[in-house]
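Structure data follow from coords_5.tsv (TSV, C-alpha atoms):
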chain	number	residue	atom	x	y	z
A	1	MET	CA	-11.46	8.77	-11.22
A	2	ASN	CA	-12.42	6.25	-13.88
A	3	ILE	CA	-10.15	3.69	-15.53
A	4	GLU	CA	-9.33	5.91	-18.52
A	5	GLU	CA	-8.34	8.79	-16.20
A	6	PHE	CA	-6.16	6.40	-14.15
A	7	PHE	CA	-4.19	5.37	-17.24
A	8	GLN	CA	-4.05	8.95	-18.58
A	9	LEU	CA	-2.41	9.94	-15.30
A	10	SER	CA	-0.09	6.90	-15.51
A	11	ALA	CA	1.13	7.71	-19.02
A	12	GLY	CA	4.73	8.89	-19.24
A	13	LYS	CA	8.21	7.89	-18.13
A	14	TRP	CA	8.79	6.77	-14.54
A	15	PHE	CA	11.68	5.76	-12.32
A	16	SER	CA	10.43	2.66	-10.54
A	17	HIS	CA	11.95	1.26	-7.32
A	18	ARG	CA	10.60	-2.10	-6.19
A	19	THR	CA	11.33	-3.93	-2.95
A	20	SER	CA	10.03	-7.48	-2.60
A	21	HIS	CA	9.58	-9.06	0.83
A	22	HIS	CA	9.85	-12.85	0.64
A	23	LEU	CA	7.61	-13.50	3.63
A	24	ALA	CA	8.70	-17.05	4.45
A	25	PHE	CA	12.38	-16.12	4.56
A	26	ASN	CA	12.28	-12.57	6.06
A	27	LYS	CA	14.40	-11.44	3.13
A	28	SER	CA	14.03	-8.53	0.77
A	29	GLU	CA	15.23	-7.85	-2.74
A	30	ASP	CA	15.49	-4.50	-4.54
A	31	GLY	CA	14.97	-3.76	-8.22
A	32	LYS	CA	15.15	-0.49	-10.12
A	33	SER	CA	13.77	0.24	-13.58
A	34	ASP	CA	12.90	2.95	-16.02
A	35	ILE	CA	9.30	2.39	-17.10
A	36	ILE	CA	7.40	3.90	-20.01
A	37	ILE	CA	3.60	3.70	-19.91
A	38	GLU	CA	1.70	4.50	-23.10
A	39	MET	CA	-2.08	4.67	-23.12
A	40	LEU	CA	-3.72	2.83	-26.02
A	41	ALA	CA	-7.14	3.78	-27.41
A	42	ALA	CA	-9.85	1.11	-27.59
A	43	ASP	CA	-9.36	0.86	-31.37
A	44	HIS	CA	-5.55	0.42	-31.23
A	45	PRO	CA	-4.43	-2.78	-33.08
A	46	GLU	CA	-2.78	-4.19	-29.90
A	47	VAL	CA	-6.02	-3.73	-27.93
A	48	ILE	CA	-8.07	-5.34	-30.71
A	49	LYS	CA	-5.61	-8.28	-30.86
A	50	LEU	CA	-5.98	-9.06	-27.11
A	51	CYS	CA	-9.78	-8.74	-27.26
A	52	GLN	CA	-9.85	-11.20	-30.18
A	53	LEU	CA	-7.63	-13.65	-28.26
A	54	ASP	CA	-10.19	-13.64	-25.44
A	55	GLU	CA	-13.13	-13.64	-27.89
A	56	ILE	CA	-14.35	-10.27	-26.64
A	57	ILE	CA	-15.93	-7.77	-29.03
A	58	PRO	CA	-13.06	-5.27	-29.59
A	59	ASN	CA	-15.08	-2.09	-29.14
A	60	SER	CA	-16.18	-3.17	-25.63
A	61	ALA	CA	-12.72	-2.23	-24.20
A	62	ALA	CA	-12.45	1.08	-22.32
A	63	CYS	CA	-8.75	1.46	-23.10
A	64	GLY	CA	-5.39	-0.29	-22.99
A	65	ALA	CA	-1.84	0.45	-21.95
A	66	LYS	CA	1.60	-0.64	-23.10
A	67	VAL	CA	4.19	-0.88	-20.32
A	68	THR	CA	7.90	-1.11	-21.27
A	69	TRP	CA	10.62	-1.60	-18.63
A	70	ASN	CA	14.39	-1.59	-18.53
A	71	GLY	CA	16.16	-2.17	-15.25
A	72	THR	CA	18.26	-4.25	-12.88
A	73	ILE	CA	17.59	-6.53	-9.93
A	74	GLU	CA	20.05	-5.87	-7.10
A	75	GLN	CA	20.97	-9.50	-6.49
A	76	ASP	CA	22.14	-10.47	-9.97
A	77	GLN	CA	22.94	-7.02	-11.41
A	78	LYS	CA	21.72	-8.31	-14.77
A	79	LYS	CA	19.67	-6.11	-17.05
A	80	HIS	CA	15.97	-6.98	-17.23
A	81	SER	CA	13.86	-5.49	-19.97
A	82	GLY	CA	10.55	-6.25	-21.60
A	83	SER	CA	7.07	-5.00	-22.33
A	84	THR	CA	3.47	-6.02	-21.89
A	85	VAL	CA	0.04	-4.81	-22.96
A	86	LEU	CA	-2.97	-4.48	-20.65
A	87	VAL	CA	-6.58	-4.13	-21.81
A	88	LEU	CA	-9.48	-3.06	-19.59
A	89	VAL	CA	-13.01	-4.17	-20.49
A	90	PRO	CA	-15.70	-2.65	-18.21
A	91	ASP	CA	-18.57	-4.81	-16.95
A	92	VAL	CA	-21.85	-3.91	-18.62
A	93	ASP	CA	-23.61	-3.15	-15.32
A	94	LYS	CA	-20.71	-1.71	-13.25
A	95	ALA	CA	-19.05	1.64	-13.95
A	96	ASN	CA	-15.69	1.11	-12.25
A	97	GLU	CA	-14.80	-2.54	-12.65
A	98	GLY	CA	-14.42	-5.21	-15.27
A	99	LYS	CA	-12.17	-7.69	-16.98
A	100	LEU	CA	-8.39	-7.32	-17.22
A	101	LEU	CA	-6.51	-8.86	-20.16
A	102	ARG	CA	-2.71	-9.03	-20.06
A	103	GLU	CA	-0.32	-10.16	-22.77
A	104	THR	CA	2.22	-12.68	-21.44
A	105	GLY	CA	4.71	-12.87	-24.32
A	106	ASP	CA	4.42	-16.66	-23.95
A	107	THR	CA	3.59	-18.50	-27.17
A	108	LYS	CA	1.80	-21.33	-25.30
A	109	LYS	CA	-0.50	-19.05	-23.32
A	110	ALA	CA	-0.50	-15.60	-24.87
A	111	LEU	CA	-3.05	-14.11	-22.45
A	112	VAL	CA	-3.72	-13.88	-18.70
A	113	THR	CA	-7.15	-12.69	-17.63
A	114	GLY	CA	-8.20	-11.16	-14.33
A	115	HIS	CA	-10.30	-8.42	-12.82
A	116	TYR	CA	-9.86	-4.68	-12.24
A	117	LYS	CA	-11.66	-2.27	-9.96
A	118	ILE	CA	-11.29	1.43	-9.18
A	119	GLY	CA	-12.18	1.91	-5.51
A	120	THR	CA	-13.93	4.89	-3.93
A	121	ASP	CA	-10.44	5.96	-2.75
A	122	GLU	CA	-9.32	6.19	-6.43
A	123	ALA	CA	-6.93	3.23	-6.13
A	124	LEU	CA	-6.87	0.60	-8.88
A	125	ILE	CA	-6.99	-3.06	-7.80
A	126	LEU	CA	-5.84	-5.71	-10.30
A	127	THR	CA	-6.40	-9.38	-9.46
A	128	THR	CA	-5.46	-12.54	-11.33
A	129	GLU	CA	-5.89	-16.10	-10.23
A	130	SER	CA	-4.71	-19.44	-11.62
A	131	GLU	CA	-4.38	-22.95	-10.22
A	132	THR	CA	-0.88	-22.24	-8.92
A	133	ILE	CA	-0.82	-18.53	-8.13
A	134	CYS	CA	-3.06	-15.69	-6.89
A	135	SER	CA	-2.02	-12.08	-7.22
A	136	GLU	CA	-3.58	-8.84	-6.06
A	137	GLU	CA	-2.03	-5.49	-6.88
A	138	ARG	CA	-3.15	-2.11	-5.55
A	139	LEU	CA	-1.95	0.97	-7.47
A	140	TRP	CA	-2.55	4.56	-6.39
A	141	PHE	CA	-1.22	8.09	-6.71
A	142	ALA	CA	0.23	9.78	-3.62
A	143	SER	CA	0.51	12.79	-5.95
A	144	PRO	CA	0.36	13.17	-9.77
A	145	ASN	CA	4.12	12.52	-9.90
A	146	LEU	CA	4.39	9.76	-7.28
A	147	ARG	CA	2.66	6.45	-7.97
A	148	MET	CA	2.66	3.55	-5.50
A	149	ARG	CA	1.98	-0.15	-5.95
A	150	VAL	CA	1.64	-3.01	-3.47
A	151	LEU	CA	1.52	-6.50	-4.96
A	152	VAL	CA	0.72	-9.61	-2.91
A	153	ILE	CA	1.43	-12.96	-4.58
A	154	LYS	CA	0.38	-16.23	-3.04
A	155	ARG	CA	1.63	-19.44	-4.56
A	156	ALA	CA	-0.04	-22.82	-4.17
A	157	ASP	CA	3.09	-24.07	-2.35
A	158	GLY	CA	2.36	-21.49	0.38
A	159	PHE	CA	5.26	-19.12	-0.26
A	160	SER	CA	4.05	-15.56	-0.48
A	161	THR	CA	5.69	-12.37	-1.63
A	162	ALA	CA	4.66	-8.80	-0.85
A	163	SER	CA	6.22	-6.16	-3.08
A	164	PHE	CA	6.19	-2.41	-2.73
A	165	THR	CA	6.99	-0.12	-5.66
A	166	SER	CA	7.42	3.64	-5.52
A	167	GLU	CA	7.40	5.32	-8.92
A	168	ILE	CA	8.58	8.87	-9.55
A	169	ARG	CA	7.59	10.60	-12.77
A	170	MET	CA	10.60	11.42	-14.96
A	171	GLY	CA	8.78	12.60	-18.05
A	172	GLY	CA	5.50	14.41	-18.42
A	173	SER	CA	2.04	13.34	-19.29
A	174	PRO	CA	-0.16	16.04	-20.82
A	175	ALA	CA	-3.04	14.69	-18.79
A	176	ALA	CA	-1.28	15.05	-15.44
A	177	ALA	CA	-2.17	18.69	-14.88
A	178	LYS	CA	-5.88	18.06	-15.40
A	179	VAL	CA	-6.23	15.59	-12.57
A	180	SER	CA	-3.77	17.13	-10.12
A	181	GLU	CA	-6.51	18.53	-7.93
A	182	ALA	CA	-7.98	15.08	-7.39
A	183	ALA	CA	-4.73	13.64	-6.08
A	184	ASN	CA	-3.68	13.45	-2.48
A	185	PRO	CA	-1.74	16.60	-1.55
A	186	VAL	CA	0.46	14.86	1.05
A	187	SER	CA	3.37	14.31	-1.26
A	188	SER	CA	2.92	16.57	-4.24
B	1	MET	CA	-14.83	-3.18	10.21
B	2	ASN	CA	-14.88	-0.43	12.84
B	3	ILE	CA	-11.88	1.01	14.68
B	4	GLU	CA	-12.25	-1.30	17.70
B	5	GLU	CA	-12.34	-4.35	15.41
B	6	PHE	CA	-9.26	-3.12	13.56
B	7	PHE	CA	-7.27	-2.94	16.80
B	8	GLN	CA	-8.70	-6.24	18.09
B	9	LEU	CA	-7.37	-7.85	14.91
B	10	SER	CA	-4.03	-6.01	15.34
B	11	ALA	CA	-3.51	-7.19	18.93
B	12	GLY	CA	-0.73	-9.75	19.40
B	13	LYS	CA	2.92	-10.26	18.58
B	14	TRP	CA	4.18	-9.55	15.05
B	15	PHE	CA	7.37	-9.82	13.06
B	16	SER	CA	7.65	-6.51	11.25
B	17	HIS	CA	9.82	-5.92	8.18
B	18	ARG	CA	10.04	-2.32	7.00
B	19	THR	CA	11.69	-0.98	3.85
B	20	SER	CA	11.99	2.78	3.45
B	21	HIS	CA	12.48	4.34	0.03
B	22	HIS	CA	14.24	7.70	0.29
B	23	LEU	CA	12.70	9.17	-2.84
B	24	ALA	CA	15.18	11.95	-3.52
B	25	PHE	CA	18.16	9.59	-3.37
B	26	ASN	CA	16.74	6.39	-4.94
B	27	LYS	CA	17.99	4.53	-1.87
B	28	SER	CA	16.30	2.07	0.41
B	29	GLU	CA	16.86	1.00	4.01
B	30	ASP	CA	15.60	-2.12	5.76
B	31	GLY	CA	14.54	-2.54	9.37
B	32	LYS	CA	13.25	-5.58	11.22
B	33	SER	CA	11.44	-5.62	14.57
B	34	ASP	CA	9.36	-7.69	16.89
B	35	ILE	CA	6.24	-5.71	17.70
B	36	ILE	CA	3.67	-6.24	20.43
B	37	ILE	CA	0.30	-4.53	20.07
B	38	GLU	CA	-1.99	-4.44	23.10
B	39	MET	CA	-5.49	-3.07	22.83
B	40	LEU	CA	-6.44	-0.66	25.62
B	41	ALA	CA	-10.04	-0.09	26.74
B	42	ALA	CA	-11.45	3.45	26.76
B	43	ASP	CA	-11.16	3.53	30.57
B	44	HIS	CA	-7.50	2.38	30.72
B	45	PRO	CA	-5.32	4.88	32.70
B	46	GLU	CA	-3.01	5.45	29.69
B	47	VAL	CA	-6.01	6.32	27.47
B	48	ILE	CA	-7.42	8.66	30.10
B	49	LYS	CA	-4.00	10.35	30.47
B	50	LEU	CA	-3.74	11.15	26.73
B	51	CYS	CA	-7.34	12.41	26.59
B	52	GLN	CA	-6.61	14.74	29.52
B	53	LEU	CA	-3.45	16.04	27.82
B	54	ASP	CA	-5.60	17.02	24.82
B	55	GLU	CA	-8.45	18.26	27.06
B	56	ILE	CA	-10.84	15.65	25.67
B	57	ILE	CA	-13.46	14.04	27.89
B	58	PRO	CA	-11.90	10.60	28.59
B	59	ASN	CA	-15.02	8.53	27.96
B	60	SER	CA	-15.31	9.90	24.41
B	61	ALA	CA	-12.45	7.61	23.22
B	62	ALA	CA	-13.40	4.45	21.33
B	63	CYS	CA	-10.24	2.59	22.36
B	64	GLY	CA	-6.48	2.83	22.54
B	65	ALA	CA	-3.46	0.69	21.75
B	66	LYS	CA	0.02	0.30	23.16
B	67	VAL	CA	2.69	-0.58	20.58
B	68	THR	CA	6.09	-1.86	21.79
B	69	TRP	CA	8.95	-2.57	19.37
B	70	ASN	CA	12.38	-4.13	19.57
B	71	GLY	CA	14.48	-4.37	16.43
B	72	THR	CA	17.40	-3.36	14.27
B	73	ILE	CA	17.93	-1.04	11.30
B	74	GLU	CA	20.11	-2.69	8.65
B	75	GLN	CA	22.45	0.24	8.15
B	76	ASP	CA	23.67	0.73	11.72
B	77	GLN	CA	22.91	-2.72	13.18
B	78	LYS	CA	22.07	-1.01	16.48
B	79	LYS	CA	19.14	-2.16	18.55
B	80	HIS	CA	16.13	0.13	18.47
B	81	SER	CA	13.39	-0.32	21.03
B	82	GLY	CA	10.57	1.76	22.41
B	83	SER	CA	6.84	2.03	22.86
B	84	THR	CA	4.00	4.43	22.18
B	85	VAL	CA	0.31	4.74	22.99
B	86	LEU	CA	-2.39	5.63	20.44
B	87	VAL	CA	-5.91	6.79	21.33
B	88	LEU	CA	-8.81	6.96	18.87
B	89	VAL	CA	-11.65	9.43	19.53
B	90	PRO	CA	-14.54	9.12	17.04
B	91	ASP	CA	-16.18	12.22	15.61
B	92	VAL	CA	-19.66	12.75	17.02
B	93	ASP	CA	-21.32	12.73	13.61
B	94	LYS	CA	-19.14	10.20	11.72
B	95	ALA	CA	-19.04	6.50	12.47
B	96	ASN	CA	-15.63	5.57	11.06
B	97	GLU	CA	-13.37	8.54	11.58
B	98	GLY	CA	-12.13	10.89	14.25
B	99	LYS	CA	-9.19	12.26	16.17
B	100	LEU	CA	-5.91	10.39	16.67
B	101	LEU	CA	-3.79	11.06	19.77
B	102	ARG	CA	-0.26	9.68	19.94
B	103	GLU	CA	2.20	9.77	22.82
B	104	THR	CA	5.62	11.02	21.73
B	105	GLY	CA	7.77	10.24	24.79
B	106	ASP	CA	9.09	13.82	24.43
B	107	THR	CA	8.85	15.89	27.61
B	108	LYS	CA	8.49	19.17	25.66
B	109	LYS	CA	5.62	17.97	23.48
B	110	ALA	CA	4.10	14.86	24.97
B	111	LEU	CA	1.34	14.49	22.36
B	112	VAL	CA	0.90	14.49	18.58
B	113	THR	CA	-2.63	14.79	17.25
B	114	GLY	CA	-3.98	13.77	13.85
B	115	HIS	CA	-6.90	12.09	12.15
B	116	TYR	CA	-7.97	8.48	11.56
B	117	LYS	CA	-10.43	6.98	9.10
B	118	ILE	CA	-11.54	3.43	8.31
B	119	GLY	CA	-12.28	3.29	4.58
B	120	THR	CA	-14.96	1.26	2.83
B	121	ASP	CA	-12.13	-1.15	1.89
B	122	GLU	CA	-11.47	-1.76	5.63
B	123	ALA	CA	-8.07	-0.04	5.56
B	124	LEU	CA	-7.15	2.37	8.34
B	125	ILE	CA	-5.69	5.75	7.32
B	126	LEU	CA	-3.74	7.75	9.93
B	127	THR	CA	-2.70	11.32	9.10
B	128	THR	CA	-0.70	13.85	11.09
B	129	GLU	CA	0.45	17.26	10.00
B	130	SER	CA	2.77	19.86	11.52
B	131	GLU	CA	4.62	22.91	10.20
B	132	THR	CA	7.61	20.80	9.15
B	133	ILE	CA	6.20	17.38	8.33
B	134	CYS	CA	3.10	15.68	6.89
B	135	SER	CA	2.55	11.97	7.25
B	136	GLU	CA	-0.09	9.62	5.92
B	137	GLU	CA	-0.11	5.93	6.81
B	138	ARG	CA	-2.40	3.28	5.33
B	139	LEU	CA	-2.71	0.01	7.29
B	140	TRP	CA	-4.64	-3.03	6.10
B	141	PHE	CA	-4.90	-6.79	6.46
B	142	ALA	CA	-4.03	-8.99	3.47
B	143	SER	CA	-5.18	-11.82	5.78
B	144	PRO	CA	-5.74	-12.03	9.56
B	145	ASN	CA	-2.07	-12.97	10.00
B	146	LEU	CA	-0.53	-10.59	7.44
B	147	ARG	CA	-0.79	-6.86	8.05
B	148	MET	CA	0.57	-4.25	5.64
B	149	ARG	CA	1.43	-0.58	6.08
B	150	VAL	CA	2.46	2.12	3.63
B	151	LEU	CA	3.67	5.39	5.17
B	152	VAL	CA	4.36	8.52	3.11
B	153	ILE	CA	6.24	11.32	4.87
B	154	LYS	CA	6.73	14.71	3.30
B	155	ARG	CA	9.07	17.18	4.95
B	156	ALA	CA	8.93	20.94	4.47
B	157	ASP	CA	12.42	20.77	2.91
B	158	GLY	CA	10.96	18.66	0.11
B	159	PHE	CA	12.56	15.32	0.95
B	160	SER	CA	10.00	12.55	1.02
B	161	THR	CA	10.10	8.99	2.24
B	162	ALA	CA	7.75	6.14	1.33
B	163	SER	CA	7.94	3.12	3.64
B	164	PHE	CA	6.41	-0.30	3.23
B	165	THR	CA	6.00	-2.66	6.16
B	166	SER	CA	4.87	-6.28	6.01
B	167	GLU	CA	3.91	-7.74	9.38
B	168	ILE	CA	3.50	-11.45	10.04
B	169	ARG	CA	1.65	-12.59	13.14
B	170	MET	CA	3.89	-14.52	15.53
B	171	GLY	CA	1.51	-14.79	18.48
B	172	GLY	CA	-2.23	-15.14	18.56
B	173	SER	CA	-5.01	-12.75	19.17
B	174	PRO	CA	-8.23	-14.27	20.47
B	175	ALA	CA	-10.14	-11.89	18.23
B	176	ALA	CA	-8.43	-13.02	15.03
B	177	ALA	CA	-10.68	-15.98	14.38
B	178	LYS	CA	-13.84	-13.89	14.64
B	179	VAL	CA	-12.96	-11.53	11.83
B	180	SER	CA	-11.13	-13.95	9.56
B	181	GLU	CA	-14.04	-14.20	7.16
B	182	ALA	CA	-13.97	-10.47	6.53
B	183	ALA	CA	-10.32	-10.46	5.55
B	184	ASN	CA	-8.97	-10.80	2.07
B	185	PRO	CA	-8.41	-14.47	1.24
B	186	VAL	CA	-5.55	-13.82	-1.19
B	187	SER	CA	-2.82	-14.46	1.32
B	188	SER	CA	-4.37	-16.28	4.25
Just dump the structure as structure tokens.
Amino acid sequence: MNIEEFFQLSAGKWFSHRTSHHLAFNKSEDGKSDIIIEMLAADHPEVIKLCQLDEIIPNSAACGAKVTWNGTIEQDQKKHSGSTVLVLVPDVDKANEGKLLRETGDTKKALVTGHYKIGTDEALILTTESETICSEERLWFASPNLRMRVLVIKRADGFSTASFTSEIRMGGSPAAAKVSEAANPVSS
Amino acid sequence: MNIEEFFQLSAGKWFSHRTSHHLAFNKSEDGKSDIIIEMLAADHPEVIKLCQLDEIIPNSAACGAKVTWNGTIEQDQKKHSGSTVLVLVPDVDKANEGKLLRETGDTKKALVTGHYKIGTDEALILTTESETICSEERLWFASPNLRMRVLVIKRADGFSTASFTSEIRMGGSPAAAKVSEAANPVSS
């Protein structure tokens, strides 16, 4: 699976259930959201905008994705909604890894950059690192309609969080059928 | 990392926090345990016993492990404790995979068999399959003192569970220092 195929398979509407383990406190917190993932072509205006912000030649991106969420966190029962755009720019000499650009929605720092890699096991690893925080997220498909994510965040103050998200497809992606044979049959 | 190194790094006392997502019901359930993992040599009587139950030549095992747990499940607040033994028997022609034997504690069927594989990303995958249930567990180290597990269970009746476990080392393993450089530095 390459990065375009990963986002083709991700496109659609998902029910997303996240549990965060706050490792220093042995506590967990649940959140549930509806998520819509739209794949963006390399020449989409949002993709071009992020490339320009990072001074990357726009047509060097493989693809992008817009992620929109609408949900609640168990503890406060408040609604949380928002959206972000991701752009994936492959390394010149490596087929399955490259630079990750992510829109923050913050006017002071509009862009976070990191790294992506598709492993030989077809999982996508996204890493970002700043002075105060390191994050590594692993995303993979247990089946075409069941996506999983594990995110480990380490803060400079030493407090770490490990979050697990199970995502069940609620609305179709035309690309899903094409790649179904490549997915793990355990939980189809 | 080979299978012996994986269990050397796993040996010790851990605080284990598991959250299960019951996918058909959008519900989650928390459990917390103290876990002790002891590595067993290929010639340990418990390893030999499991090999004999499966009619495998005892000295073909790479190693074994005894896992003992003592904890509570949030919902019922009852104590749950027990232990099991795992034995890993490498395939003759493959370095990093082979047969998994697991003691059930059930007098009718004392043994479950499956498959193990150490991936190129140093994660261990354990799979078992029966007429009524398929399970696939991925175990990996975010750092030498933080182990993660994701278990996907699919039942023949269609109800699936995805469980995430974060495990924090509470007591040392003499082997931990040796392999620390190989582990992911994100959450050391």
If you measure from CA of Ile168 (chain A) to CA of Val67 (chain A), what distance in Å do you get, rounded to one decimal?
15.2 Å
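Across B:Cys63, B:Ile3, B:Leu88, B:Leu23, the tightest approach to chain A is made by B:Leu23 when counting all atoms listed in the file.
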How close does chain B get to chain A? List, as a Markdown table, each residue of chain B within 10 Å, its nearest atom pair and the distance in Å to one decimal, counting all atoms listed in the file.
| residue | atom | partner | partner_atom | distance |
| --- | --- | --- | --- | --- |
| B:Phe15 | CA | A:Asn26 | CA | 9.0 |
| B:Ser16 | CA | A:Asn26 | CA | 9.2 |
| B:His17 | CA | A:Asn26 | CA | 7.4 |
| B:Arg18 | CA | A:His21 | CA | 9.1 |
| B:Thr19 | CA | A:Thr19 | CA | 7.4 |
| B:Ser20 | CA | A:Thr19 | CA | 9.3 |
| B:His21 | CA | A:Ser166 | CA | 7.5 |
| B:His22 | CA | A:Ser166 | CA | 9.8 |
| B:Leu23 | CA | A:Ile168 | CA | 7.9 |
| B:Ala24 | CA | A:Ile168 | CA | 9.5 |
| B:Asn26 | CA | A:His17 | CA | 7.4 |
| B:Lys27 | CA | A:His17 | CA | 8.8 |
| B:Ser28 | CA | A:Asp30 | CA | 8.3 |
| B:Asp30 | CA | A:Ser28 | CA | 8.3 |
| B:Lys32 | CA | A:Asn26 | CA | 8.7 |
| B:Gly119 | CA | A:Asp121 | CA | 8.0 |
| B:Thr120 | CA | A:Thr120 | CA | 7.7 |
| B:Asp121 | CA | A:Gly119 | CA | 8.0 |
| B:Thr127 | CA | A:Val186 | CA | 9.3 |
| B:Glu129 | CA | A:Val186 | CA | 9.3 |
| B:Ile133 | CA | A:Val186 | CA | 9.6 |
| B:Cys134 | CA | A:Val186 | CA | 6.5 |
| B:Ser135 | CA | A:Val186 | CA | 7.2 |
| B:Glu136 | CA | A:Val186 | CA | 7.2 |
| B:Ala142 | CA | A:Val152 | CA | 8.0 |
| B:Leu146 | CA | A:Leu23 | CA | 9.4 |
| B:Met148 | CA | A:Ala162 | CA | 8.9 |
| B:Arg149 | CA | A:Val150 | CA | 9.9 |
| B:Val150 | CA | A:Phe164 | CA | 8.7 |
| B:Val152 | CA | A:Ser187 | CA | 7.3 |
| B:Ile153 | CA | A:Ser187 | CA | 7.4 |
| B:Lys154 | CA | A:Ser187 | CA | 5.7 |
| B:Arg155 | CA | A:Ser187 | CA | 8.9 |
| B:Gly158 | CA | A:Ser187 | CA | 8.9 |
| B:Phe159 | CA | A:Ser187 | CA | 9.5 |
| B:Ser160 | CA | A:Ser187 | CA | 7.2 |
| B:Thr161 | CA | A:Ser187 | CA | 9.3 |
| B:Ala162 | CA | A:Ser166 | CA | 7.3 |
| B:Ser163 | CA | A:Phe164 | CA | 8.6 |
| B:Phe164 | CA | A:Phe164 | CA | 6.3 |
| B:Thr165 | CA | A:Phe164 | CA | 8.9 |
| B:Ser166 | CA | A:Ala162 | CA | 7.3 |
| B:Glu167 | CA | A:Leu23 | CA | 8.9 |
| B:Ile168 | CA | A:Leu23 | CA | 7.9 |
| B:Asn184 | CA | A:Glu136 | CA | 9.9 |
| B:Pro185 | CA | A:Cys134 | CA | 9.8 |
| B:Val186 | CA | A:Cys134 | CA | 6.5 |
| B:Ser187 | CA | A:Lys154 | CA | 5.7 |
| B:Ser188 | CA | A:Lys154 | CA | 8.7 |
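Between CA of Thr84 (chain B) and CA of Ser10 (chain B) there is a distance of 14.8 Å.
Minimum atom-to-atom distances from B:Val89, B:Ala41, B:Leu111, B:Leu101 to Ala61 (chain B) were compared using all atoms listed in the file, and the lowest value belongs to B:Val89.
Interatomic distance, CA of Lys109 (chain A) to CA of Thr132 (chain A): 14.8 Å.
Once Gly114 (chain A) and its same-chain neighbours fewer than 5 positions away are set aside, Lys99, Leu100, Thr127 and Thr128 of chain A remain within 6 Å of it when counting all atoms listed in the file.
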